[in-house]
Amino acid sequence: MTAEDALRALCEAWERRDPDAVARLFAPDGRYEDPLFEPVPVGPDEIRGACADAIDELAQVSVPLRVVAGTEDLVLAEGDFLSSTVDGDRVDFPLAMILAMRDGLVVRFTEYFDTAPLR
């Protein structure tokens, strides 16, 4: 699996609202660096838990990517996180992402987005 394949699989897992699919992409020491996750979850179990908590609040998710560039083991992307909560509120924002691979698993996924409108 290339870094781009992993990034697309990660976005698709969020769109399916499947925290198990997200967690399976990560190495035992993989980090999911999201400004809303404190502390940074490390490893599939912590990542699954952090994502499950967030996914439980969402009714629908779409993560269209606009720009994707990288190498076999590193990808940078720009896109949008478009979602609605279980209460029907919209939660939409642009984001940038970096994903790094080692031995076919994600060792670091970092998202950059403005959290001010989300709090």
# chains A, B, ... in the order shown; residues from 1 in each chain; ligands from 1
>>> residues_around(residues="Arg66 of chain A", least_positions_apart="6", cutoff="9 Å", atoms="only C-alpha atoms", output="list in words")
Ala77, Glu78, Gly79 and Asp80 of chain A
>>> select_by_dssp(residues="chain A", states="strand (DSSP E)", output="JSON list (two decimals) with N, CA and C atoms, in the first residue's frame")
[["chain", "number", "residue", "atom", "x", "y", "z"],
["A", 26, "PHE", "N", -2.86, 1.66, 10.87],
["A", 26, "PHE", "CA", -1.75, 2.20, 11.66],
["A", 26, "PHE", "C", -0.82, 1.14, 12.23],
["A", 27, "ALA", "N", 0.46, 1.50, 12.26],
["A", 27, "ALA", "CA", 1.50, 0.69, 12.89],
["A", 27, "ALA", "C", 1.30, 0.74, 14.41],
["A", 28, "PRO", "N", 1.90, -0.21, 15.15],
["A", 28, "PRO", "CA", 1.78, -0.19, 16.61],
["A", 28, "PRO", "C", 2.25, 1.12, 17.24],
["A", 29, "ASP", "N", 3.20, 1.81, 16.60],
["A", 29, "ASP", "CA", 3.67, 3.10, 17.11],
["A", 29, "ASP", "C", 3.14, 4.28, 16.28],
["A", 30, "GLY", "N", 2.13, 4.01, 15.45],
["A", 30, "GLY", "CA", 1.57, 5.06, 14.61],
["A", 30, "GLY", "C", 0.88, 6.14, 15.41],
["A", 31, "ARG", "N", 1.00, 7.38, 14.94],
["A", 31, "ARG", "CA", 0.44, 8.55, 15.63],
["A", 31, "ARG", "C", -0.65, 9.17, 14.77],
["A", 32, "TYR", "N", -1.76, 9.57, 15.39],
["A", 32, "TYR", "CA", -2.86, 10.27, 14.70],
["A", 32, "TYR", "C", -2.92, 11.67, 15.32],
["A", 33, "GLU", "N", -2.27, 12.61, 14.67],
["A", 33, "GLU", "CA", -2.15, 13.97, 15.19],
["A", 33, "GLU", "C", -3.27, 14.84, 14.63],
["A", 58, "LEU", "N", -21.23, 11.91, 14.64],
["A", 58, "LEU", "CA", -21.50, 12.28, 13.25],
["A", 58, "LEU", "C", -22.50, 11.34, 12.59],
["A", 59, "ALA", "N", -23.39, 11.93, 11.77],
["A", 59, "ALA", "CA", -24.37, 11.14, 11.02],
["A", 59, "ALA", "C", -23.92, 10.90, 9.60],
["A", 60, "GLN", "N", -23.11, 11.79, 9.07],
["A", 60, "GLN", "CA", -22.67, 11.71, 7.67],
["A", 60, "GLN", "C", -21.33, 12.37, 7.55],
["A", 61, "VAL", "N", -20.44, 11.80, 6.72],
["A", 61, "VAL", "CA", -19.10, 12.35, 6.51],
["A", 61, "VAL", "C", -18.71, 12.19, 5.05],
["A", 62, "SER", "N", -18.09, 13.23, 4.51],
["A", 62, "SER", "CA", -17.48, 13.17, 3.19],
["A", 62, "SER", "C", -16.14, 13.89, 3.28],
["A", 65, "LEU", "N", -10.91, 15.15, -1.64],
["A", 65, "LEU", "CA", -9.54, 15.66, -1.72],
["A", 65, "LEU", "C", -9.41, 16.50, -2.99],
["A", 66, "ARG", "N", -8.74, 17.66, -2.87],
["A", 66, "ARG", "CA", -8.52, 18.54, -4.02],
["A", 66, "ARG", "C", -7.12, 18.36, -4.60],
["A", 67, "VAL", "N", -6.13, 18.28, -3.74],
["A", 67, "VAL", "CA", -4.73, 18.19, -4.16],
["A", 67, "VAL", "C", -4.08, 17.05, -3.39],
["A", 68, "VAL", "N", -3.39, 16.16, -4.11],
["A", 68, "VAL", "CA", -2.66, 15.06, -3.48],
["A", 68, "VAL", "C", -1.30, 14.96, -4.17],
["A", 69, "ALA", "N", -0.24, 14.97, -3.38],
["A", 69, "ALA", "CA", 1.11, 14.88, -3.95],
["A", 69, "ALA", "C", 2.00, 14.15, -2.96],
["A", 70, "GLY", "N", 2.92, 13.35, -3.49],
["A", 70, "GLY", "CA", 3.82, 12.68, -2.58],
["A", 70, "GLY", "C", 4.68, 11.63, -3.24],
["A", 74, "LEU", "N", 5.23, 8.90, 1.63],
["A", 74, "LEU", "CA", 4.82, 10.18, 2.20],
["A", 74, "LEU", "C", 3.88, 10.88, 1.25],
["A", 75, "VAL", "N", 2.75, 11.36, 1.77],
["A", 75, "VAL", "CA", 1.79, 12.07, 0.94],
["A", 75, "VAL", "C", 1.29, 13.31, 1.68],
["A", 76, "LEU", "N", 1.09, 14.38, 0.91],
["A", 76, "LEU", "CA", 0.50, 15.62, 1.41],
["A", 76, "LEU", "C", -0.78, 15.83, 0.62],
["A", 77, "ALA", "N", -1.81, 16.29, 1.31],
["A", 77, "ALA", "CA", -3.10, 16.48, 0.63],
["A", 77, "ALA", "C", -3.83, 17.67, 1.20],
["A", 78, "GLU", "N", -4.70, 18.19, 0.37],
["A", 78, "GLU", "CA", -5.58, 19.29, 0.74],
["A", 78, "GLU", "C", -6.99, 18.86, 0.38],
["A", 79, "GLY", "N", -7.93, 19.13, 1.26],
["A", 79, "GLY", "CA", -9.30, 18.75, 0.99],
["A", 79, "GLY", "C", -10.26, 19.41, 1.95],
["A", 80, "ASP", "N", -11.41, 18.79, 2.10],
["A", 80, "ASP", "CA", -12.45, 19.30, 2.99],
["A", 80, "ASP", "C", -12.99, 18.16, 3.83],
["A", 81, "PHE", "N", -13.38, 18.49, 5.04],
["A", 81, "PHE", "CA", -14.12, 17.57, 5.90],
["A", 81, "PHE", "C", -15.53, 18.11, 5.93],
["A", 82, "LEU", "N", -16.47, 17.39, 5.33],
["A", 82, "LEU", "CA", -17.86, 17.82, 5.23],
["A", 82, "LEU", "C", -18.71, 16.82, 5.99],
["A", 83, "SER", "N", -19.43, 17.30, 6.99],
["A", 83, "SER", "CA", -20.18, 16.35, 7.81],
["A", 83, "SER", "C", -21.40, 17.00, 8.44],
["A", 84, "SER", "N", -22.26, 16.12, 8.94],
["A", 84, "SER", "CA", -23.38, 16.57, 9.76],
["A", 84, "SER", "C", -23.38, 15.75, 11.04],
["A", 85, "THR", "N", -23.77, 16.38, 12.12],
["A", 85, "THR", "CA", -23.81, 15.71, 13.41],
["A", 85, "THR", "C", -25.11, 14.92, 13.54],
["A", 90, "ARG", "N", -24.29, 21.19, 10.74],
["A", 90, "ARG", "CA", -23.20, 21.01, 9.77],
["A", 90, "ARG", "C", -21.87, 21.27, 10.46],
["A", 91, "VAL", "N", -20.88, 20.44, 10.12],
["A", 91, "VAL", "CA", -19.50, 20.62, 10.59],
["A", 91, "VAL", "C", -18.62, 20.46, 9.35],
["A", 92, "ASP", "N", -18.33, 21.57, 8.71],
["A", 92, "ASP", "CA", -17.57, 21.57, 7.46],
["A", 92, "ASP", "C", -16.35, 22.46, 7.61],
["A", 93, "PHE", "N", -15.19, 21.99, 7.14],
["A", 93, "PHE", "CA", -13.99, 22.82, 7.19],
["A", 93, "PHE", "C", -12.95, 22.30, 6.21],
["A", 94, "PRO", "N", -12.12, 23.22, 5.69],
["A", 94, "PRO", "CA", -10.99, 22.79, 4.86],
["A", 94, "PRO", "C", -9.88, 22.24, 5.75],
["A", 95, "LEU", "N", -9.07, 21.34, 5.20],
["A", 95, "LEU", "CA", -7.97, 20.80, 5.96],
["A", 95, "LEU", "C", -6.82, 20.40, 5.05],
["A", 96, "ALA", "N", -5.65, 20.33, 5.66],
["A", 96, "ALA", "CA", -4.45, 19.82, 5.01],
["A", 96, "ALA", "C", -4.01, 18.61, 5.81],
["A", 97, "MET", "N", -3.41, 17.64, 5.11],
["A", 97, "MET", "CA", -3.02, 16.38, 5.76],
["A", 97, "MET", "C", -1.64, 15.94, 5.30],
["A", 98, "ILE", "N", -0.93, 15.30, 6.21],
["A", 98, "ILE", "CA", 0.35, 14.66, 5.90],
["A", 98, "ILE", "C", 0.26, 13.24, 6.43],
["A", 99, "LEU", "N", 0.66, 12.27, 5.60],
["A", 99, "LEU", "CA", 0.63, 10.88, 6.03],
["A", 99, "LEU", "C", 1.96, 10.24, 5.67],
["A", 100, "ALA", "N", 2.58, 9.56, 6.63],
["A", 100, "ALA", "CA", 3.85, 8.88, 6.43],
["A", 100, "ALA", "C", 3.68, 7.39, 6.71],
["A", 101, "MET", "N", 4.33, 6.57, 5.89],
["A", 101, "MET", "CA", 4.23, 5.11, 5.97],
["A", 101, "MET", "C", 5.58, 4.50, 6.32],
["A", 102, "ARG", "N", 5.50, 3.30, 6.90],
["A", 102, "ARG", "CA", 6.68, 2.45, 7.09],
["A", 102, "ARG", "C", 6.18, 1.01, 7.05],
["A", 105, "LEU", "N", 2.39, 0.37, 6.74],
["A", 105, "LEU", "CA", 1.45, 0.88, 7.75],
["A", 105, "LEU", "C", 1.73, 2.35, 8.01],
["A", 106, "VAL", "N", 0.70, 3.06, 8.46],
["A", 106, "VAL", "CA", 0.83, 4.48, 8.76],
["A", 106, "VAL", "C", 1.58, 4.65, 10.08],
["A", 107, "VAL", "N", 2.64, 5.47, 10.04],
["A", 107, "VAL", "CA", 3.37, 5.77, 11.28],
["A", 107, "VAL", "C", 3.06, 7.18, 11.78],
["A", 108, "ARG", "N", 2.54, 8.02, 10.89],
["A", 108, "ARG", "CA", 2.15, 9.37, 11.32],
["A", 108, "ARG", "C", 1.11, 9.92, 10.36],
["A", 109, "PHE", "N", -0.01, 10.34, 10.91],
["A", 109, "PHE", "CA", -1.04, 11.06, 10.16],
["A", 109, "PHE", "C", -1.30, 12.35, 10.91],
["A", 110, "THR", "N", -1.13, 13.46, 10.22],
["A", 110, "THR", "CA", -1.33, 14.77, 10.83],
["A", 110, "THR", "C", -2.34, 15.56, 10.02],
["A", 111, "GLU", "N", -3.32, 16.14, 10.72],
["A", 111, "GLU", "CA", -4.32, 17.01, 10.10],
["A", 111, "GLU", "C", -4.11, 18.43, 10.60],
["A", 112, "TYR", "N", -4.27, 19.37, 9.70],
["A", 112, "TYR", "CA", -4.19, 20.79, 10.05],
["A", 112, "TYR", "C", -5.50, 21.45, 9.64]]
>>> select_by_dssp(residues="chain A", states="alpha helix (DSSP H)", output="ChimeraX atom specification")
/A:3-16,19-24,43-55
>>> atom_distance(atom1="atom CA of Ala3 of chain A", atom2="atom CA of Asp73 of chain A")
5.0 Å
